[in-house]
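Novice: One structure follows; several queries about it will come next.
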Amino acid sequence: MTGNNGEKMSFINEVIFLLKTHVRDYAMYIALAVIFIYFNIATGGGFLTPRNITNLVNQTGYIAVIAVGMTLVLIIREIDLSVGYVAGFLGAVAATYMMRTNMSVWLIIIIILLFGAVIGLTEGIIIGKVRVPSFVTTLAFQFGFRGLLILITEATGTILVTNETFNALSNGFVPDFQKSGGLHMLTLVAGAVAIILVIISQVNARNKLKRYNFETVSTPVFILKILFFSVMIGLLSFALANYRGLSWTIVIVSIVVLIYNFFMNRTRLGRYIYGVGSNPEAAALSGINVKKTLYFVFASMGMLSALGGILFTSRLQSATTTAGSGFELDAIASCYIGGVSTKGGIGKVANTIVGALVIMSLTNGMNLMGVGISYQYVIKGIIFIMAVAFDVLSRGKA
């Protein structure tokens, strides 16, 4: 990489330059590392134990899938405040189906996901066709589904779920191919495959930039980047393998992230979403159907809210009257911490997952330290403000 004077930069200068110019892309990783180190010291090593890391990843699951959908919503300059209680209500509906019918659990899951998509599409139509602002529309839906959740659970207060298959979605683990105990070998193999895939994708992306004569980072910096991600994946895999291995939650979240990452980066509709978020008027003039794009984004959000509700209900093995409370706040915060722009048009699904880990790491760490829930809300609020302020300031400097 060359500097402003056209001369090739040294390794150290190039790293410093990249950190300054791409600070929004790296800040979340730095924040996550600081949080991990601080809480591990504060808890006397209790934070980074294999068991707690596994628990943290599983706790993040339901927020992560909702945050993926919220990423698309925020990219097109909209917002969805209903996702928490939509998730809570649909989780309760799933529990009710399993309690009162002999329907297959997989059929119930498909029905719930379709319900979620229909709810999201309805919101999208009201926003796009009737032109009621998304803030008002989704706030109204939040009130409505909060009432429906109370209505469906008021008889017992809690709907217990006894279906083992359903409960395994958030509490079960992928079986290992060897029964000798010790390290979970399948997890280590999955980690190795993930590292190989990361290397291949990064090399392909670099070669594509070179093919079109775009400037790329130097080979030493590129290798450093590959090593960083490889070490992170390796450490996570080793930590999980030391407890019970890959949970089904990790598998589900990984599938969602892979699908949406491919969709946003490799499909025409994904480019349309970025285009609508960057400049809706220009997108419409270029032939993009802005309303249909909005309908799709909200239908997708509704479906992922349903999936989040399923994972949360599965984790608790029950549906309660408070299910879904605050999910929308954690999801929105995850997106902004993950680098989604407050002005739309910018955001990455993979980075949002890191943002979700930041949010849930704070919750997990403060719980281990015995910090009161009231202080937790204050601290998360401060960090949320800092994340948005950081986005605004970094965009201003750019």
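Starting from 1 in every chain, residues are counted up; chains themselves are A, B, ... following the order of the structure tokens, and ligands are numbered from 1 as listed.
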Show me a table, sorted first by chain and then by increasing residue number, of the residues of stretch 73-180 of chain A having an atom at most 7 Å from stretch 259-281 of chain A, each with its shortest atom pair and the distance in Å to one decimal, counting only C-alpha atoms and written as JSON lines.

Specialist:
```
{"residue": "A:Ile75", "atom": "CA", "partner": "A:Gly277", "partner_atom": "CA", "distance": 5.2}
{"residue": "A:Ile76", "atom": "CA", "partner": "A:Gly277", "partner_atom": "CA", "distance": 3.8}
{"residue": "A:Arg77", "atom": "CA", "partner": "A:Gly277", "partner_atom": "CA", "distance": 5.7}
```

Novice: Hey, what's within 12 Å of A:Leu160 if we count only C-alpha atoms and toss same-chain stuff fewer than 4 positions away? As an mmCIF file with N, CA, C and O atoms, in the first residue's frame, please?

Specialist:
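The result, stored in around_0.cif:
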```cif
data_model
loop_
_atom_site.group_PDB
_atom_site.id
_atom_site.type_symbol
_atom_site.label_atom_id
_atom_site.label_comp_id
_atom_site.auth_asym_id
_atom_site.auth_seq_id
_atom_site.Cartn_x
_atom_site.Cartn_y
_atom_site.Cartn_z
ATOM 1 N N GLY A 91 -42.993 -17.304 20.155
ATOM 2 C CA GLY A 91 -42.443 -18.376 20.986
ATOM 3 C C GLY A 91 -43.524 -19.008 21.848
ATOM 4 O O GLY A 91 -43.564 -20.239 22.019
ATOM 5 N N ALA A 92 -44.428 -18.177 22.372
ATOM 6 C CA ALA A 92 -45.541 -18.682 23.184
ATOM 7 C C ALA A 92 -46.532 -19.478 22.331
ATOM 8 O O ALA A 92 -47.085 -20.482 22.785
ATOM 9 N N VAL A 93 -46.751 -19.030 21.095
ATOM 10 C CA VAL A 93 -47.636 -19.766 20.174
ATOM 11 C C VAL A 93 -47.047 -21.144 19.887
ATOM 12 O O VAL A 93 -47.763 -22.151 19.879
ATOM 13 N N ALA A 94 -45.737 -21.199 19.656
ATOM 14 C CA ALA A 94 -45.074 -22.486 19.419
ATOM 15 C C ALA A 94 -45.247 -23.410 20.626
ATOM 16 O O ALA A 94 -45.544 -24.601 20.477
ATOM 17 N N ALA A 95 -45.073 -22.851 21.825
ATOM 18 C CA ALA A 95 -45.233 -23.649 23.047
ATOM 19 C C ALA A 95 -46.659 -24.160 23.181
ATOM 20 O O ALA A 95 -46.891 -25.308 23.584
ATOM 21 N N THR A 96 -47.622 -23.314 22.837
ATOM 22 C CA THR A 96 -49.041 -23.698 22.913
ATOM 23 C C THR A 96 -49.357 -24.814 21.932
ATOM 24 O O THR A 96 -50.072 -25.775 22.257
ATOM 25 N N TYR A 97 -48.844 -24.701 20.709
ATOM 26 C CA TYR A 97 -49.043 -25.756 19.709
ATOM 27 C C TYR A 97 -48.534 -27.099 20.225
ATOM 28 O O TYR A 97 -49.202 -28.132 20.079
ATOM 29 N N MET A 98 -47.333 -27.079 20.819
ATOM 30 C CA MET A 98 -46.748 -28.335 21.289
ATOM 31 C C MET A 98 -47.488 -28.899 22.489
ATOM 32 O O MET A 98 -47.536 -30.112 22.686
ATOM 33 N N MET A 99 -48.082 -28.017 23.285
ATOM 34 C CA MET A 99 -48.803 -28.462 24.471
ATOM 35 C C MET A 99 -50.172 -29.038 24.108
ATOM 36 O O MET A 99 -50.629 -30.011 24.723
ATOM 37 N N ARG A 100 -50.814 -28.476 23.072
ATOM 38 C CA ARG A 100 -52.207 -28.830 22.787
ATOM 39 C C ARG A 100 -52.404 -29.719 21.564
ATOM 40 O O ARG A 100 -53.511 -30.192 21.317
ATOM 41 N N THR A 153 -50.675 -16.140 27.681
ATOM 42 C CA THR A 153 -50.019 -16.755 28.841
ATOM 43 C C THR A 153 -50.738 -16.475 30.159
ATOM 44 O O THR A 153 -50.286 -16.953 31.212
ATOM 45 N N THR A 156 -51.936 -19.462 32.805
ATOM 46 C CA THR A 156 -50.977 -20.166 33.662
ATOM 47 C C THR A 156 -49.783 -19.302 34.054
ATOM 48 O O THR A 156 -49.059 -19.631 34.987
ATOM 49 N N GLU A 164 -38.412 -32.630 23.790
ATOM 50 C CA GLU A 164 -36.952 -32.690 23.871
ATOM 51 C C GLU A 164 -36.278 -32.159 22.610
ATOM 52 O O GLU A 164 -35.227 -31.517 22.687
ATOM 53 N N PHE A 166 -37.409 -29.836 20.532
ATOM 54 C CA PHE A 166 -37.522 -28.377 20.533
ATOM 55 C C PHE A 166 -36.545 -27.769 21.536
ATOM 56 O O PHE A 166 -35.838 -26.804 21.217
ATOM 57 N N ASN A 167 -36.484 -28.315 22.726
ATOM 58 C CA ASN A 167 -35.598 -27.769 23.759
ATOM 59 C C ASN A 167 -34.127 -27.934 23.412
ATOM 60 O O ASN A 167 -33.271 -27.159 23.876
ATOM 61 N N THR A 313 -37.500 -19.378 23.628
ATOM 62 C CA THR A 313 -38.427 -20.295 24.299
ATOM 63 C C THR A 313 -37.773 -21.643 24.528
ATOM 64 O O THR A 313 -37.945 -22.261 25.580
ATOM 65 N N SER A 314 -37.005 -22.093 23.552
ATOM 66 C CA SER A 314 -36.287 -23.360 23.689
ATOM 67 C C SER A 314 -35.266 -23.281 24.818
ATOM 68 O O SER A 314 -35.116 -24.228 25.593
ATOM 69 N N ARG A 315 -34.580 -22.142 24.926
ATOM 70 C CA ARG A 315 -33.550 -21.992 25.961
ATOM 71 C C ARG A 315 -34.165 -22.041 27.359
ATOM 72 O O ARG A 315 -33.635 -22.687 28.261
ATOM 73 N N LEU A 316 -35.292 -21.332 27.534
ATOM 74 C CA LEU A 316 -35.960 -21.331 28.843
ATOM 75 C C LEU A 316 -36.801 -22.583 29.067
ATOM 76 O O LEU A 316 -37.242 -22.837 30.186
ATOM 77 N N GLN A 317 -37.079 -23.318 27.975
ATOM 78 C CA GLN A 317 -37.974 -24.479 27.990
ATOM 79 C C GLN A 317 -39.369 -24.089 28.472
ATOM 80 O O GLN A 317 -40.082 -24.882 29.083
ATOM 81 N N SER A 318 -39.719 -22.839 28.176
ATOM 82 C CA SER A 318 -41.034 -22.332 28.566
ATOM 83 C C SER A 318 -41.279 -20.978 27.909
ATOM 84 O O SER A 318 -40.348 -20.327 27.424
ATOM 85 N N ALA A 319 -42.542 -20.567 27.891
ATOM 86 C CA ALA A 319 -42.917 -19.233 27.413
ATOM 87 C C ALA A 319 -43.516 -18.466 28.585
ATOM 88 O O ALA A 319 -44.338 -18.999 29.328
ATOM 89 N N THR A 320 -43.085 -17.220 28.770
ATOM 90 C CA THR A 320 -43.545 -16.420 29.904
ATOM 91 C C THR A 320 -44.121 -15.092 29.426
ATOM 92 O O THR A 320 -43.959 -14.706 28.264
#
```

Novice: Wanna dump the stretch 251-363 of chain A-stretch 132-149 of chain A contacts at 10 Å for me, each residue with its shortest atom pair and the distance in Å to one decimal, counting only C-alpha atoms, ordered by chain and number, as a tab-separated table?

Specialist:
```
residue	atom	partner	partner_atom	distance
A:Ala319	CA	A:Leu149	CA	9.2
A:Thr320	CA	A:Leu149	CA	8.2
A:Thr321	CA	A:Leu149	CA	6.1
A:Thr322	CA	A:Leu149	CA	8.3
A:Ala323	CA	A:Leu149	CA	8.2
A:Gly324	CA	A:Arg146	CA	8.8
A:Ser325	CA	A:Arg146	CA	8.9
A:Glu328	CA	A:Gln142	CA	9.9
```

Novice: Using only C-alpha atoms for the distances, tell me which of A:Phe390, A:Tyr85, A:Phe47, A:Tyr62 is nearest to A:Ser341.

Specialist: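 Looking only at the distances to A:Ser341, the closest residue turns out to be A:Phe390.
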
Novice: Taking the DSSP assignment computed from this structure's backbone, write out as an MDAnalysis selection string all residues of stretch 167-343 of chain A that belong to alpha helix (DSSP H).

Specialist: chainID A and resid 167:171 185:211 219:241 248:266 268:278 280:285 290:316 327:337

Novice: Write out as a list in words which residues come within 9 Å of A:Glu123 when counting only C-alpha atoms, dropping same-chain ones fewer than 3 positions away.

Specialist: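 Here the qualifying residues turn out to be Val118, Ile119, Gly120, Ile126, Ile127, Gly128, Ser134, Thr137, Thr138, Phe141, Tyr295, Phe298, Ala299 and Gly302 of chain A.
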